[in-house]
Each structure stands twice: as C-alpha cells, then as structure tokens.
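**Q** Starting off with a structure, shown below.
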Amino acid sequence: HRGHQGGSWVILITCDGAEAVPLPDRREINAAVEVFLGLVRRNDPREPAAAHRLFQLILGAARDRLTPGPVSLTVVPDGVLTAVPFAALRPDPGGGPPLIDRATVTIVPSISRWLAGRSKAVGDDGNGYLGVADPILDEYAETLQPLPHARAEIQRASRRLGTESLSVTGTAATESAVKELILERFRVIHFATHAEVDRDDPSRTAILLARGSAVEDGRLEIAEISSLDLGQPMVILSACRSAGGVVLQGEGVIGLTRAFFEGGARTVVGNLWPVSDQHAANLMERFIRHLASGSPVAEALSQAQRDRWRAGDPVSAWASLVASGDGRLVTGAGPRASAGLVTAIVLASFVVLV
C-alpha cells in the first residue's frame with residue numbers, strides 16, 4: 001500500500017534468516033487477484049497465465065526457494081490476498097504446473113498463531129471422529145440446494161479416521177446436539193452442511209444445522225463456536241465459503257475459521273468459494289484417504305489437490321479447499337512434522353515512519 005505511509009512487503013522467513021521484499025502497488029495486485037479469481041470461476045483457459053502473473057507479483061522472490069522435493073510454505077496473507085488460493089498459483093510460465101506440484105501450503109491468520117501452534121503439544125485425549133452432515137433445514141428448503149454426497153462423505157471419513165466415531169445426520173444433526181456433546185474427545189470434527197457468511201453483520205456468520213430445541217435457531221454462529229470447548233482438534237468445514245469472511249482492517253478475516261481457532265481448534269480446513277457437491281466429494285475422498293495414511297494435514301490436502309489436478313479437474317474444483325493453522329498435525333497417530341524446508345511467507349502491510 002504504497003505512498004507516504006509506507007508500502008506492502010513480502011517477508012520470507014526460512015531456516016537461514018528473514019528477508020523483506022517490497023511488493024508492487026496494491027492496485028496492481030488487486031487487479032491481478034480479481035482477474036485470476038474471475039478466470040478460475042469461469043474455468044477460463046487463460047487461467048494459467050493469470051496464475052503465473054499473480055505468483056510473480058506476490059511470490060516471485062520465493063521462487064528460487066521452491067527446489068525439487070518437499071517444501072512446506074506457511075502463508076500469512078493480508079487484505080485481498082486472504083481470498084487467493086495459493087496452491088493454484090503457477091511458478092512457471094507457459095501453463096506450468098501449479099504450486100502444489102512442488103510444495104504444501106498452509107494458511108495462518110498471524111505469525112503469533114503460527115508460533116503458538118508450533119510450540120503447543122497435542123493432547124492424547126481426543127482420538128475420536130465426529131461427523132455432522134445433511135441436517136434437515138426446513139426453513140431454507142427453497143433457497144439451498146440439497147447435499148446428496150454429504151452423508152456418504154462423513155461415513156467414509158468415519159471408517160478411515162475414527163477409532164471412536166460418531167456420525168450425526170438428518171433430524172439428529174441439530175445445534176443443540178452439537179453443543180451438548182463432549183467435543184474434547186474428538187481429534188477430528190467434520191461438518192458437511194451449508195454455511196452462511198453475513199457480510200453486513202459478521203457476527204451472524206454461521207454453520208446451518210437443524211434447531212433441535214425451542215431455544216435454538218439452528219444457526220451455530222461465530223460467538224457460539226468461539227465458546228465451545230473443542231480441545232485441539234482438526235476441524236473440517238465441508239461447506240461453501242467456510243474459509244472466507246469479512247476482512248476488517250486491523251482485525252483480519254472475521255469468519256468461521258477464526259471462531260474455531262478461538263474455540264481451541266489446532267487446524268481448520270474450509271472452502272474459499274462454492275464447489276459442486278460432486279467435485280467437493282471427489283476432493284474430500286482423496287483428502288481423507290491421505291489423512292488416514294498418516295500424512296500431516298497440509299501434506300494430505302496438497303496430495304489430494306494434486307490427485308484431482310492430474311485427473312483433469314479444473315482449478316475451481318480443487319483449489320477452494322485450504323488448510324489454516326498447524327499444517328503439521330497428523331490425525332489419529334500423534335503429531336509428526338513433515339519433511340522438507342519450511343518457509344513462512346508473510347504478506348503484510350507496514351507503516352514506515354520517517
């Protein structure tokens with residue numbers, strides 16, 4: 001954000017030190033983001049060129065660090081960059097492979113949360129799996145599409161991830177039921193339902209569930225999520241726009257991901273934009289499969305996205321899903337760090353006083 005108040009910078013933090021690299025004017029970046037996301041939404045064949053241009057603008061200084069082999073990138077985005085699917089950016093021109101072909105990508109809301117997650121030991125109490133799917137949403141019947149693959153999604157995940165599994169679906173998938181559960185006993189909490197992002201009133205952003213009691217409205221809103229006793233689970237939000245929210249200056253993104261972090265979650269996986277139920281099911285099946293094999297969250301997601309990219313799915317079908325928080329978390333087998341260079345890339349705005 002250039003001008004008399006300073007500029008925008010990329011800060012590259014590696015094992016060898018830190019480097020600050022100035023970014024172009026924010027208007028150029030904003031325009032490039034808008035073009036790229038528009039092409040992704042339309043499955044436009046010009047998307048690879050736009051993905052490379054955006055990579056050059058914001059991550060060009062990191063390209064030489066993306067050597068062959070496992071590289072883990074932790075990105076702390078700011079402003080409009082919170083809407084960017086970094087896994088889909090392309091380091092090479094001419095339609096080269098996306099970033100996930102050579103790196104895993106994790107998003108964190110701040111450096112302090114990243115450091116806190118890396119220093120925090122994972123408790124052993126929560127080893128179960130909780131799946132909440134396909135609630136009966138009578139009041140939304142005319143506005144929301146059904147999710148025919150949601151129940152099958154959590155059934156597959158339950159078989160693969162949970163030594164102690166609980167699936168709550170249909171009329172049982174209520175707001176009151178979720179609140180009454182002892183959530184600390186679950187290592188993975190998985191919602192496969194609709195979500196609603198309220199941009200006029202961010203506090204009304206919610207996961208949509210059945211009511212369950214006369215005192216509940218079926219909306220698990222962000223203040224209620226923040227007050228849940230979650231333990232330290234991975235939370236999967238298989239819902240449209242569940243990784244988005246309202247960007248407030250000085251506060252970051254106000255949305256479901258932040259609420260689950262405040263409730264205690266260690267890692268949250270959610271979507272930046274709506275994806276067809278079939279594409280979402282295909283990607284989630286691969287993600288769960290890689291998680292169950294012992295891959296850390298960020299690595300499992302990158303493997304799943306590579307699978308779908310190589311299968312010919314468009315970027316819009318697989319790049320929406322992002323992992324936020326501690327990408328090293330392993331579900332079911334205890335914590336273990338993935339191999340390879342860890343590079344934290346901080347995208348931030350600074351005010352320079354002279």
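By convention in this document, the chains of the structure tokens carry letters A, B, ... by their order, each chain's residues are numbered from 1, and ligands are numbered from 1 in the order they are shown.
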Using DSSP on the backbone coordinates, identify all residues within segment 18-222 of chain A classified as strand (DSSP E or B); present the result as a ChimeraX atom specification.
**A** /A:18-22,71-76,104-107,128-135,165-170,174,186-192,195-196,206-208,210,219-221
**Q** If you run DSSP on this backbone, which residues of segment 152-343 of chain A come out as helix (DSSP H, G or I), and could you give them as an MDAnalysis selection string?
**A** chainID A and resid 152:161 175:180 183:185 202:204 222:226 256:262 277:292 297:310 315:318
**Q** Any idea what's packed within 9 Å of Arg241 of chain A, counting only C-alpha atoms, ignoring anything in its chain fewer than 2 positions away? Could you give it as a list of chain:residue names?
**A** A:Ala195, A:Glu196, A:Val197, A:Ala239, A:Ala243, A:Gly244, A:Gly245, A:Gly270, A:Asn271, A:Leu272, A:Trp273, A:Pro274, A:Ser320
**Q** Write to file, as a compact mmCIF listing (two decimals), in the first residue's frame, the residues of the selection just made, with N, CA, C and O atoms.
**A**
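Generated output (again-v8.txt):
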# COMPACT_ATOMS: atom_id res chain seq x y z
N ALA A 195 -23.12 -23.40 5.04
CA ALA A 195 -22.69 -22.30 5.91
C ALA A 195 -23.19 -21.00 5.29
O ALA A 195 -23.46 -20.93 4.09
N GLU A 196 -23.30 -19.98 6.11
CA GLU A 196 -23.76 -18.68 5.64
C GLU A 196 -22.82 -17.60 6.15
O GLU A 196 -22.59 -17.50 7.36
N VAL A 197 -22.25 -16.83 5.25
CA VAL A 197 -21.38 -15.71 5.59
C VAL A 197 -22.20 -14.43 5.47
O VAL A 197 -22.67 -14.10 4.38
N ALA A 239 -18.20 -27.00 3.55
CA ALA A 239 -19.33 -26.11 3.28
C ALA A 239 -18.84 -24.94 2.44
O ALA A 239 -17.66 -24.56 2.51
N ALA A 243 -14.18 -20.94 4.57
CA ALA A 243 -12.87 -20.38 4.89
C ALA A 243 -12.84 -18.87 4.68
O ALA A 243 -11.81 -18.24 4.92
N GLY A 244 -13.95 -18.30 4.23
CA GLY A 244 -14.00 -16.87 3.97
C GLY A 244 -14.57 -16.09 5.14
O GLY A 244 -14.69 -16.58 6.25
N GLY A 245 -14.93 -14.86 4.84
CA GLY A 245 -15.49 -13.99 5.87
C GLY A 245 -15.34 -12.55 5.47
O GLY A 245 -15.09 -12.23 4.31
N GLY A 270 -11.28 -25.49 5.21
CA GLY A 270 -12.55 -24.99 4.69
C GLY A 270 -12.42 -24.49 3.26
O GLY A 270 -11.32 -24.49 2.68
N ASN A 271 -13.53 -24.04 2.69
CA ASN A 271 -13.60 -23.62 1.29
C ASN A 271 -13.64 -22.11 1.14
O ASN A 271 -14.33 -21.42 1.89
N LEU A 272 -12.94 -21.61 0.11
CA LEU A 272 -12.96 -20.19 -0.19
C LEU A 272 -14.17 -19.80 -1.03
O LEU A 272 -14.60 -18.66 -1.01
N TRP A 273 -14.70 -20.74 -1.83
CA TRP A 273 -15.84 -20.44 -2.70
C TRP A 273 -16.69 -21.70 -2.85
O TRP A 273 -16.28 -22.80 -2.50
N PRO A 274 -17.91 -21.55 -3.40
CA PRO A 274 -18.78 -22.71 -3.58
C PRO A 274 -18.20 -23.68 -4.61
O PRO A 274 -17.64 -23.28 -5.63
N SER A 320 -10.26 -24.46 -4.01
CA SER A 320 -11.03 -23.75 -3.00
C SER A 320 -10.71 -24.20 -1.58
O SER A 320 -10.80 -23.42 -0.63
**Q** Using only C-alpha atoms, which of the listed residues (A:Glu139, A:Ser165, A:Val253, A:Leu228) sits closest to Glu180 of chain A?
**A**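 Using only C-alpha atoms, Glu180 of chain A sits closest to A:Leu228.
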**Q** I need the residue nearest Gln303 of chain A from this list: A:Asp101, A:Asp78, A:Glu224, A:Asp16. Use only C-alpha atoms for the distance.
**A** A:Asp101
**Q** Do you know which residues are at most 12 Å from His52 of chain A counting only C-alpha atoms, after dropping those on the same chain fewer than 2 positions away, and could you put them as a ChimeraX atom specification?
**A** /A:32-33,35-36,46-50,54-60,63,86-99
**Q** Restricting the output to N, CA, C and O atoms, write the selected residues as a CSV table (one decimal), in the first residue's frame.
**A**
chain,number,residue,atom,x,y,z
A,32,ALA,N,-4.8,-7.9,-10.4
A,32,ALA,CA,-4.4,-9.3,-10.8
A,32,ALA,C,-5.2,-10.3,-10.0
A,32,ALA,O,-5.5,-11.4,-10.6
A,33,VAL,N,-5.5,-10.1,-8.8
A,33,VAL,CA,-6.3,-11.0,-8.0
A,33,VAL,C,-7.7,-11.2,-8.6
A,33,VAL,O,-8.2,-12.2,-8.8
A,35,VAL,N,-8.7,-10.5,-11.7
A,35,VAL,CA,-8.6,-11.2,-13.0
A,35,VAL,C,-8.5,-12.7,-12.8
A,35,VAL,O,-9.2,-13.5,-13.3
A,36,PHE,N,-7.6,-13.1,-11.9
A,36,PHE,CA,-7.3,-14.5,-11.7
A,36,PHE,C,-8.5,-15.2,-11.1
A,36,PHE,O,-8.9,-16.3,-11.7
A,46,ARG,N,-7.5,-19.2,-20.0
A,46,ARG,CA,-6.4,-18.2,-19.7
A,46,ARG,C,-6.0,-18.2,-18.3
A,46,ARG,O,-5.1,-17.4,-17.9
A,47,GLU,N,-6.6,-19.0,-17.4
A,47,GLU,CA,-6.3,-19.0,-16.0
A,47,GLU,C,-4.8,-19.3,-15.7
A,47,GLU,O,-4.2,-18.6,-14.9
A,48,PRO,N,-4.1,-20.2,-16.4
A,48,PRO,CA,-2.7,-20.5,-16.1
A,48,PRO,C,-1.8,-19.2,-16.2
A,48,PRO,O,-0.9,-19.0,-15.4
A,49,ALA,N,-2.0,-18.4,-17.2
A,49,ALA,CA,-1.2,-17.2,-17.4
A,49,ALA,C,-1.5,-16.2,-16.3
A,49,ALA,O,-0.6,-15.6,-15.8
A,50,ALA,N,-2.8,-16.1,-15.9
A,50,ALA,CA,-3.1,-15.2,-14.8
A,50,ALA,C,-2.5,-15.7,-13.5
A,50,ALA,O,-2.1,-14.9,-12.6
A,54,LEU,N,0.2,-13.6,-11.1
A,54,LEU,CA,-0.1,-13.3,-9.7
A,54,LEU,C,1.0,-13.8,-8.9
A,54,LEU,O,1.5,-13.2,-7.9
A,55,PHE,N,1.5,-15.0,-9.2
A,55,PHE,CA,2.7,-15.6,-8.5
A,55,PHE,C,3.9,-14.7,-8.6
A,55,PHE,O,4.5,-14.4,-7.6
A,56,GLN,N,4.1,-14.2,-9.8
A,56,GLN,CA,5.3,-13.3,-9.9
A,56,GLN,C,5.2,-12.0,-9.1
A,56,GLN,O,6.1,-11.5,-8.5
A,57,LEU,N,3.9,-11.5,-9.1
A,57,LEU,CA,3.7,-10.2,-8.3
A,57,LEU,C,3.9,-10.4,-6.8
A,57,LEU,O,4.5,-9.5,-6.2
A,58,ILE,N,3.4,-11.5,-6.3
A,58,ILE,CA,3.5,-11.6,-4.8
A,58,ILE,C,4.4,-12.6,-4.2
A,58,ILE,O,4.8,-12.5,-3.1
A,59,LEU,N,4.9,-13.6,-5.0
A,59,LEU,CA,5.7,-14.6,-4.5
A,59,LEU,C,7.0,-14.8,-5.4
A,59,LEU,O,7.7,-15.8,-5.2
A,60,GLY,N,7.2,-13.9,-6.3
A,60,GLY,CA,8.3,-14.1,-7.2
A,60,GLY,C,9.7,-14.2,-6.5
A,60,GLY,O,10.6,-15.0,-6.9
A,63,ARG,N,10.6,-17.8,-5.5
A,63,ARG,CA,10.6,-18.9,-6.5
A,63,ARG,C,11.9,-19.8,-6.4
A,63,ARG,O,11.8,-21.0,-6.5
A,86,PHE,N,-3.5,-20.0,-2.9
A,86,PHE,CA,-2.1,-20.0,-3.2
A,86,PHE,C,-1.7,-21.3,-3.8
A,86,PHE,O,-0.7,-21.3,-4.7
A,87,ALA,N,-2.3,-22.4,-3.5
A,87,ALA,CA,-2.0,-23.7,-4.1
A,87,ALA,C,-2.1,-23.7,-5.6
A,87,ALA,O,-1.4,-24.5,-6.3
A,88,ALA,N,-2.9,-22.8,-6.1
A,88,ALA,CA,-3.2,-22.8,-7.6
A,88,ALA,C,-2.3,-21.9,-8.4
A,88,ALA,O,-2.4,-21.9,-9.6
A,89,LEU,N,-1.5,-21.1,-7.7
A,89,LEU,CA,-0.6,-20.1,-8.4
A,89,LEU,C,0.4,-21.0,-9.1
A,89,LEU,O,0.8,-22.1,-8.7
A,90,ARG,N,1.0,-20.4,-10.2
A,90,ARG,CA,1.9,-21.1,-11.0
A,90,ARG,C,3.3,-20.5,-11.1
A,90,ARG,O,3.4,-19.4,-11.6
A,91,PRO,N,4.3,-21.1,-10.5
A,91,PRO,CA,5.6,-20.5,-10.5
A,91,PRO,C,6.2,-20.4,-11.9
A,91,PRO,O,7.1,-19.5,-12.1
A,92,ASP,N,5.9,-21.2,-12.8
A,92,ASP,CA,6.5,-21.2,-14.2
A,92,ASP,C,5.5,-20.7,-15.2
A,92,ASP,O,4.3,-20.9,-15.1
A,93,PRO,N,6.1,-20.0,-16.2
A,93,PRO,CA,5.2,-19.5,-17.3
A,93,PRO,C,4.8,-20.7,-18.3
A,93,PRO,O,5.2,-21.8,-18.1
A,94,GLY,N,3.9,-20.3,-19.2
A,94,GLY,CA,3.6,-21.2,-20.3
A,94,GLY,C,2.7,-22.4,-19.8
A,94,GLY,O,2.8,-23.5,-20.3
A,95,GLY,N,1.9,-22.2,-18.8
A,95,GLY,CA,1.0,-23.3,-18.4
A,95,GLY,C,1.7,-24.3,-17.5
A,95,GLY,O,1.2,-25.5,-17.5
A,96,GLY,N,2.8,-24.0,-16.8
A,96,GLY,CA,3.4,-24.9,-16.0
A,96,GLY,C,2.5,-25.4,-14.8
A,96,GLY,O,1.5,-24.8,-14.6
A,97,PRO,N,3.0,-26.4,-14.1
A,97,PRO,CA,2.1,-26.9,-13.0
A,97,PRO,C,1.9,-25.9,-11.9
A,97,PRO,O,2.7,-25.0,-11.7
A,98,PRO,N,0.8,-26.1,-11.2
A,98,PRO,CA,0.5,-25.2,-10.0
A,98,PRO,C,1.5,-25.5,-8.9
A,98,PRO,O,2.2,-26.4,-8.8
A,99,LEU,N,1.4,-24.6,-7.9
A,99,LEU,CA,2.3,-24.6,-6.8
A,99,LEU,C,2.3,-25.9,-6.0
A,99,LEU,O,3.3,-26.3,-5.5
**Q** Which neighbours of segment 322-325 of chain A fall inside 6 Å, counting only C-alpha atoms, when residues of the same chain fewer than 4 positions from it are skipped, and could you give them as an MDAnalysis selection string?
**A** chainID A and resid 106:108 267:270
